[in-house]
Each structure stands twice: as structure tokens, then as C-alpha cells.
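A.B. asks: Input structure: model.csv, which contains CSV, C-alpha atoms.
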chain,number,residue,atom,x,y,z
A,16,MET,CA,20.9,164.0,68.3
A,17,THR,CA,23.2,166.6,66.7
A,18,LEU,CA,23.3,169.9,68.5
A,19,ARG,CA,24.7,173.1,67.1
A,20,ILE,CA,26.2,175.4,69.7
A,21,ARG,CA,26.4,179.1,69.5
A,22,ILE,CA,28.5,180.9,72.1
A,23,SER,CA,27.7,184.5,72.8
A,24,PHE,CA,29.3,186.8,75.3
A,25,SER,CA,27.4,189.2,77.5
A,26,VAL,CA,28.9,192.2,79.2
A,27,PHE,CA,27.5,193.2,82.6
A,28,ILE,CA,27.9,196.9,83.2
A,29,GLY,CA,29.7,197.6,86.4
A,30,VAL,CA,31.2,194.1,86.5
A,31,GLY,CA,33.4,194.3,83.4
A,32,LEU,CA,33.5,190.6,82.9
A,33,LEU,CA,32.7,188.6,79.8
A,34,ILE,CA,30.5,185.7,80.7
A,35,PRO,CA,29.8,183.2,78.1
A,36,SER,CA,26.3,181.9,77.6
A,37,VAL,CA,25.6,178.8,75.6
A,38,VAL,CA,22.6,178.7,73.4
A,39,PHE,CA,21.6,175.3,72.0
A,40,LEU,CA,20.1,175.2,68.6
A,41,LEU,CA,18.5,171.9,67.6
A,42,ALA,CA,19.0,170.6,64.1
A,43,ASP,CA,16.2,169.0,62.3
A,44,VAL,CA,15.6,166.4,59.5
A,45,GLN,CA,15.8,168.4,56.3
A,46,LYS,CA,15.9,165.7,53.6
A,47,PHE,CA,16.1,162.1,52.8
A,48,VAL,CA,18.6,160.9,50.2
A,49,PHE,CA,19.8,157.6,48.7
A,50,VAL,CA,23.4,157.2,49.8
A,51,SER,CA,24.0,153.9,48.1
A,52,ALA,CA,25.6,153.8,44.7
A,53,THR,CA,23.5,153.5,41.5
A,54,GLN,CA,23.4,149.9,40.5
A,55,VAL,CA,23.2,147.7,37.3
A,56,ILE,CA,21.7,144.3,38.1
A,57,ALA,CA,20.7,141.3,36.0
A,58,ILE,CA,17.1,140.7,35.1
A,59,GLY,CA,15.4,139.0,38.1
A,60,ALA,CA,18.5,139.4,40.3
A,61,ILE,CA,18.5,140.9,43.7
A,62,SER,CA,20.2,144.3,44.0
A,63,GLU,CA,23.0,145.1,46.5
A,64,GLN,CA,21.8,146.9,49.6
A,65,ILE,CA,20.1,150.2,48.9
A,66,THR,CA,20.3,152.8,51.7
A,67,LEU,CA,18.0,155.7,52.3
A,68,GLN,CA,19.3,158.2,54.8
A,69,SER,CA,17.8,161.1,56.8
A,70,GLN,CA,20.0,164.2,56.8
A,71,ASP,CA,20.1,167.7,58.3
A,72,ALA,CA,20.5,170.9,56.2
A,73,ALA,CA,24.3,170.4,56.0
A,74,GLY,CA,23.9,167.0,54.4
A,75,THR,CA,25.0,165.2,57.6
A,76,GLU,CA,23.4,162.0,58.7
A,77,PHE,CA,20.6,162.9,61.2
A,78,LYS,CA,18.6,160.5,63.3
A,79,VAL,CA,14.9,160.8,63.0
A,80,PRO,CA,13.2,162.1,66.1
A,81,SER,CA,10.2,159.8,65.7
A,82,THR,CA,9.3,156.7,63.6
A,83,ALA,CA,9.4,157.4,59.9
A,84,CYS,CA,7.3,155.6,57.4
A,85,VAL,CA,8.7,154.9,53.9
A,86,SER,CA,6.5,154.2,50.9
A,87,LEU,CA,8.5,152.6,48.0
A,88,SER,CA,7.6,152.6,44.3
A,89,VAL,CA,9.3,152.1,41.0
A,90,ALA,CA,8.6,153.4,37.5
A,91,PRO,CA,8.0,152.4,34.8
A,92,SER,CA,7.7,148.8,35.9
A,93,GLY,CA,6.4,147.0,38.9
A,94,GLY,CA,9.6,145.6,40.5
A,95,GLU,CA,9.7,144.3,44.0
A,96,PHE,CA,11.3,145.6,47.3
A,97,SER,CA,12.3,143.6,50.3
A,98,SER,CA,14.0,144.4,53.6
A,99,SER,CA,16.0,141.2,53.3
A,100,ALA,CA,18.0,139.8,50.4
A,101,THR,CA,18.2,136.3,51.9
A,102,THR,CA,14.6,135.9,53.1
A,103,TRP,CA,12.7,137.7,50.3
A,104,SER,CA,9.3,139.1,51.3
A,105,SER,CA,7.8,141.7,48.9
A,106,VAL,CA,7.0,145.0,50.6
A,107,SER,CA,6.0,148.5,49.6
A,108,ILE,CA,6.1,150.2,53.0
A,109,LEU,CA,9.0,150.1,55.4
A,110,THR,CA,9.5,151.5,58.9
A,111,MET,CA,12.6,153.6,59.9
A,112,ALA,CA,12.9,153.3,63.6
A,113,LYS,CA,13.0,156.3,65.9
A,114,ASN,CA,16.6,157.5,66.5
A,115,SER,CA,18.0,155.8,63.4
A,116,ALA,CA,19.2,157.6,60.2
A,117,ASN,CA,19.3,154.8,57.7
A,118,ARG,CA,16.9,152.3,56.2
A,119,ASN,CA,18.2,149.5,54.0
A,120,PHE,CA,16.3,147.5,51.5
A,121,TYR,CA,16.7,145.5,48.2
A,122,PHE,CA,15.1,145.5,44.8
A,123,LYS,CA,14.6,143.1,41.9
A,124,ASP,CA,12.7,143.4,38.6
A,125,THR,CA,12.1,141.2,35.5
A,126,VAL,CA,11.8,144.1,33.1
A,127,ALA,CA,15.0,145.4,31.5
A,128,GLY,CA,15.8,149.1,31.4
A,129,VAL,CA,16.5,152.1,33.6
A,130,HIS,CA,14.0,152.4,36.4
A,131,THR,CA,13.4,155.1,39.0
A,132,ILE,CA,13.0,154.1,42.6
A,133,THR,CA,10.9,156.6,44.6
A,134,ALA,CA,10.7,156.8,48.4
A,135,LYS,CA,8.1,158.9,50.0
A,136,VAL,CA,8.8,159.5,53.7
A,137,VAL,CA,6.8,160.9,56.5
A,138,LEU,CA,7.4,161.1,60.3
A,139,LYS,CA,4.6,159.3,62.0
A,140,PRO,CA,2.8,161.4,64.6
A,141,ASP,CA,2.8,160.1,68.2
A,142,THR,CA,-1.0,160.1,67.9
A,143,GLU,CA,-1.0,157.6,65.1
A,144,SER,CA,-1.4,154.1,66.6
A,145,ARG,CA,-1.3,152.1,63.4
A,146,SER,CA,1.9,150.7,62.1
A,147,CYS,CA,3.4,152.2,58.9
A,148,ALA,CA,2.2,149.2,56.9
A,149,SER,CA,-1.3,149.6,58.3
A,150,TRP,CA,-1.5,153.3,58.0
A,151,PRO,CA,-2.9,154.1,54.5
A,152,VAL,CA,-0.5,156.2,52.4
A,153,GLY,CA,-3.4,158.4,51.4
A,154,GLU,CA,-3.7,159.6,55.0
A,155,TRP,CA,0.0,160.5,55.3
A,156,PRO,CA,0.8,164.1,55.8
A,157,SER,CA,3.2,166.0,53.5
A,158,GLY,CA,6.7,164.6,53.7
A,159,TRP,CA,9.9,164.1,51.7
A,160,THR,CA,10.5,162.4,48.4
A,161,ALA,CA,13.8,160.9,47.3
A,162,THR,CA,14.6,159.1,44.0
A,163,GLN,CA,17.4,156.9,42.6
A,164,SER,CA,17.8,155.2,39.3
A,165,ILE,CA,18.6,151.5,38.9
A,166,THR,CA,19.4,149.7,35.7
A,167,ILE,CA,18.0,146.2,35.1
A,168,GLY,CA,19.9,144.2,32.5
A,169,SER,CA,23.3,144.8,31.0
A,170,GLY,CA,24.6,147.1,28.2
A,171,THR,CA,23.0,150.3,29.5
A,172,THR,CA,25.0,152.8,31.6
A,173,PRO,CA,22.9,154.0,34.5
A,174,PRO,CA,22.3,157.7,34.8
A,175,PRO,CA,23.9,159.5,37.8
A,176,VAL,CA,22.2,159.2,41.1
A,177,SER,CA,19.4,161.7,41.5
A,178,SER,CA,18.2,162.2,45.0
A,179,GLN,CA,15.6,164.8,45.5
A,180,SER,CA,14.1,165.8,48.8
A,181,SER,CA,11.2,168.0,49.4
A,182,GLY,CA,10.6,168.9,53.0
A,183,VAL,CA,7.8,169.8,55.4
A,184,SER,CA,7.4,172.3,58.2
A,185,GLY,CA,9.8,174.9,57.0
A,186,ALA,CA,12.3,172.5,55.5
A,187,THR,CA,14.0,173.4,52.3
A,188,VAL,CA,13.7,171.7,48.9
A,189,SER,CA,17.1,170.4,47.8
A,190,THR,CA,18.7,168.2,45.2
A,191,SER,CA,21.9,166.3,46.0
Take the structure in the file and write it out as C-alpha cells.

C.D. replies:
Amino acid sequence: MTLRIRISFSVFIGVGLLIPSVVFLLADVQKFVFVSATQVIAIGAISEQITLQSQDAAGTEFKVPSTACVSLSVAPSGGEFSSSATTWSSVSILTMAKNSANRNFYFKDTVAGVHTITAKVVLKPDTESRSCASWPVGEWPSGWTATQSITIGSGTTPPPVSSQSSGVSGATVSTS
């Protein structure tokens, strides 16, 4: 866990000494962004690893304090996601383990064009006993959203990476 330290000095009247007191300020997850490069892949081919990362307000990797659930979608087509490139198993919900900052996955699609991958992320409450895959997305509280473009087929230059994150509980909305 990243800690930010603020050192302040207090003066005690009559003693005349400066005594440092350390105040710990806890950082918090502020956004989720794609940190992998934008890709161009062949129709039906499996992408290189795609990485979603949790970050603090400074844009530094930050480990999630509880399990995070990630819902993946793609527009305009219905491509597929998998957590493994070698043992393909189509998924739309992934779990980011507590105390981790990155979640990797892969993508493939049979429709050419520029597509937008969207990841909706929520921190799973300790009171939620269902797994991320069993917990209906419609019940998820507000969370963060990150997007990244991927190009299927050749001849089209992909647009720049667009990662957008909208936060909860006082977190700021930012675009990286």
C-alpha cells in the first residue's frame, strides 16, 4: 500500500524544541486505465496481452484494497475476451485480486474495423459473498470505466489510446 507522509513540526512553549510528528495519509484508487499499447490484430487472431491497471491520483500503480470485479464489453461488434491466450475460454467478467494492481486479458474478433473495449470496474464489498462472475452487473454499485481502442484487420491506423476513468466516493474523473 502506498503511503504519503507529511512531516509537521510542533513547537512546545517553554521547551523550545522542534519535535517532528508524522502524519500518514492513505492514498486511494482513483482510476483504472489501460496501460498496454493500442493494437492492430488480424481478423480472428488473438491479441497480445491487454493490461488494465488501478492507479492513484498521481497516475501511479496502486493495489486495490479489496477484490475488484471487471466487466468487459466491446463496441460495435461482439468480440471475445479470455484471461488466457493459450487456453481460450470466453469470459465477460474478470476478477482482480485484492492487493493487485493489474489485470491482464486477451481479445479476438472476426469483424474488421476499429473497436472500443470498455472495462467497468467496481470494488466488491466484503458483504458480497458471490464471485464476480456470479454477481449480476446490474447490482454493481457505481465504479470506474476505462476504454481502449483495438483495430481488427490491416490497413487502418488505430486511434490513440483513450483511457477514461470515472470514480466513486469522492474520486475525480480523469482522462489519460

A.B. asks: By how many Å are CA of Lys139 (chain A) and CA of Val50 (chain A) apart?

C.D. replies: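 Those two atoms sit 22.5 Å apart.
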
A.B. asks: Could you check which of A:Thr142, A:Ser105, A:Ser81, A:Ser92 is closest to Asp124 (chain A), using all atoms listed in the file?

C.D. replies: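 Among A:Thr142, A:Ser105, A:Ser81, A:Ser92, it is A:Ser92 that comes nearest to Asp124 (chain A).
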
A.B. asks: Taking 2 positions as the minimum chain separation for residues in the same chain, which residues sit within 12 Å of Phe122 (chain A) when counting only C-alpha atoms? Answer as a PyMOL selection string.

C.D. replies: chain A and resi 54-66+87-89+93-100+103-107+119-120+124-125+130-133+163-167

A.B. asks: Take CA of Ala161 (chain A) and CA of Ser146 (chain A) and report the distance between them in Å, one decimal.

C.D. replies: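 So the two atoms, CA of Ala161 (chain A) and CA of Ser146 (chain A), lie 21.6 Å apart.
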
A.B. asks: Would you work out the distance separating CA of Ala116 (chain A) from CA of Glu76 (chain A), expressed in Å to one decimal?

C.D. replies: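 Separating CA of Ala116 (chain A) from CA of Glu76 (chain A) is a distance of 6.3 Å.
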
A.B. asks: Just checking: using all atoms listed in the file, which residue out of A:Thr160, A:Ser86, A:Asn114, A:Thr101 ends up closest to Ala148 (chain A)?

C.D. replies: A:Ser86

A.B. asks: Rank A:Ala134, A:Ala127, A:Cys147, A:Ala112 by their smallest atom-to-atom distance to Phe47 (chain A), using only C-alpha atoms, and report the top residue only.

C.D. replies: A:Ala134

A.B. asks: Mind listing whatever residues come within 12 Å of the point (8.9, 158.9, 51.7)? Use all atoms listed in the file, file coordinates, and give them as a ChimeraX atom specification.

C.D. replies: /A:46-49,67-69,83-88,107-111,118,132-139,147,152,155-162,178-183

A.B. asks: Of the candidates A:Gly74, A:Gly168, A:Pro151, A:Pro80, which shows the shortest atom-to-atom distance to Val126 (chain A), using all atoms listed in the file?

C.D. replies: A:Gly168

A.B. asks: Taking only all heavy atoms, show region 96-107 of chain A of the given structure as a JSON list (two decimals), in the first residue's frame.

C.D. replies:
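Final output, saved to selection.json:
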[["chain", "number", "residue", "atom", "x", "y", "z"],
["A", 96, "PHE", "N", -13.36, -12.13, -25.09],
["A", 96, "PHE", "CA", -12.27, -11.91, -24.15],
["A", 96, "PHE", "C", -11.93, -13.23, -23.48],
["A", 96, "PHE", "O", -12.78, -14.09, -23.31],
["A", 96, "PHE", "CB", -12.68, -10.91, -23.06],
["A", 96, "PHE", "CG", -13.10, -9.58, -23.60],
["A", 96, "PHE", "CD1", -14.44, -9.30, -23.82],
["A", 96, "PHE", "CD2", -12.17, -8.60, -23.89],
["A", 96, "PHE", "CE1", -14.85, -8.07, -24.32],
["A", 96, "PHE", "CE2", -12.56, -7.37, -24.39],
["A", 96, "PHE", "CZ", -13.90, -7.10, -24.60],
["A", 97, "SER", "N", -10.66, -13.37, -23.08],
["A", 97, "SER", "CA", -10.22, -14.54, -22.34],
["A", 97, "SER", "C", -9.07, -14.12, -21.43],
["A", 97, "SER", "O", -8.31, -13.21, -21.76],
["A", 97, "SER", "CB", -9.74, -15.65, -23.28],
["A", 97, "SER", "OG", -9.25, -16.76, -22.55],
["A", 98, "SER", "N", -8.95, -14.78, -20.29],
["A", 98, "SER", "CA", -7.83, -14.47, -19.41],
["A", 98, "SER", "C", -6.56, -15.23, -19.82],
["A", 98, "SER", "O", -5.50, -15.00, -19.28],
["A", 98, "SER", "CB", -8.19, -14.76, -17.96],
["A", 98, "SER", "OG", -8.57, -16.10, -17.81],
["A", 99, "SER", "N", -6.68, -16.12, -20.81],
["A", 99, "SER", "CA", -5.53, -16.89, -21.29],
["A", 99, "SER", "C", -5.51, -16.89, -22.83],
["A", 99, "SER", "O", -6.54, -17.13, -23.46],
["A", 99, "SER", "CB", -5.61, -18.32, -20.79],
["A", 99, "SER", "OG", -4.60, -19.11, -21.40],
["A", 100, "ALA", "N", -4.34, -16.67, -23.39],
["A", 100, "ALA", "CA", -4.21, -16.73, -24.84],
["A", 100, "ALA", "C", -4.01, -18.16, -25.31],
["A", 100, "ALA", "O", -4.33, -18.50, -26.45],
["A", 100, "ALA", "CB", -3.03, -15.87, -25.29],
["A", 101, "THR", "N", -3.49, -19.02, -24.46],
["A", 101, "THR", "CA", -3.20, -20.40, -24.86],
["A", 101, "THR", "C", -4.35, -21.37, -24.58],
["A", 101, "THR", "O", -4.50, -22.36, -25.27],
["A", 101, "THR", "CB", -1.92, -20.91, -24.15],
["A", 101, "THR", "OG1", -2.09, -20.76, -22.74],
["A", 101, "THR", "CG2", -0.71, -20.12, -24.61],
["A", 102, "THR", "N", -5.12, -21.10, -23.56],
["A", 102, "THR", "CA", -6.29, -21.92, -23.23],
["A", 102, "THR", "C", -7.50, -21.00, -23.28],
["A", 102, "THR", "O", -7.95, -20.50, -22.25],
["A", 102, "THR", "CB", -6.14, -22.54, -21.82],
["A", 102, "THR", "OG1", -4.87, -23.17, -21.71],
["A", 102, "THR", "CG2", -7.24, -23.55, -21.55],
["A", 103, "TRP", "N", -8.00, -20.76, -24.50],
["A", 103, "TRP", "CA", -9.05, -19.77, -24.69],
["A", 103, "TRP", "C", -10.35, -20.21, -24.02],
["A", 103, "TRP", "O", -10.83, -21.32, -24.21],
["A", 103, "TRP", "CB", -9.30, -19.54, -26.18],
["A", 103, "TRP", "CG", -10.15, -18.33, -26.39],
["A", 103, "TRP", "CD1", -11.51, -18.29, -26.50],
["A", 103, "TRP", "CD2", -9.71, -16.99, -26.49],
["A", 103, "TRP", "NE1", -11.94, -17.00, -26.66],
["A", 103, "TRP", "CE2", -10.86, -16.18, -26.66],
["A", 103, "TRP", "CE3", -8.47, -16.37, -26.44],
["A", 103, "TRP", "CZ2", -10.79, -14.79, -26.79],
["A", 103, "TRP", "CZ3", -8.41, -15.00, -26.58],
["A", 103, "TRP", "CH2", -9.54, -14.22, -26.75],
["A", 104, "SER", "N", -10.90, -19.34, -23.21],
["A", 104, "SER", "CA", -12.20, -19.56, -22.58],
["A", 104, "SER", "C", -12.89, -18.21, -22.55],
["A", 104, "SER", "O", -12.45, -17.30, -21.82],
["A", 104, "SER", "CB", -12.02, -20.13, -21.17],
["A", 104, "SER", "OG", -13.29, -20.29, -20.56],
["A", 105, "SER", "N", -13.92, -18.04, -23.34],
["A", 105, "SER", "CA", -14.59, -16.76, -23.47],
["A", 105, "SER", "C", -15.21, -16.32, -22.14],
["A", 105, "SER", "O", -15.92, -17.08, -21.50],
["A", 105, "SER", "CB", -15.68, -16.87, -24.54],
["A", 105, "SER", "OG", -16.23, -15.60, -24.80],
["A", 106, "VAL", "N", -14.89, -15.08, -21.74],
["A", 106, "VAL", "CA", -15.41, -14.50, -20.50],
["A", 106, "VAL", "C", -15.84, -13.06, -20.74],
["A", 106, "VAL", "O", -15.37, -12.42, -21.69],
["A", 106, "VAL", "CB", -14.36, -14.52, -19.36],
["A", 106, "VAL", "CG1", -13.96, -15.93, -18.99],
["A", 106, "VAL", "CG2", -13.13, -13.71, -19.73],
["A", 107, "SER", "N", -16.71, -12.56, -19.90],
["A", 107, "SER", "CA", -17.05, -11.13, -19.95],
["A", 107, "SER", "C", -16.82, -10.47, -18.59],
["A", 107, "SER", "O", -16.82, -9.25, -18.48],
["A", 107, "SER", "CB", -18.50, -10.94, -20.38],
["A", 107, "SER", "OG", -19.38, -11.54, -19.46]]
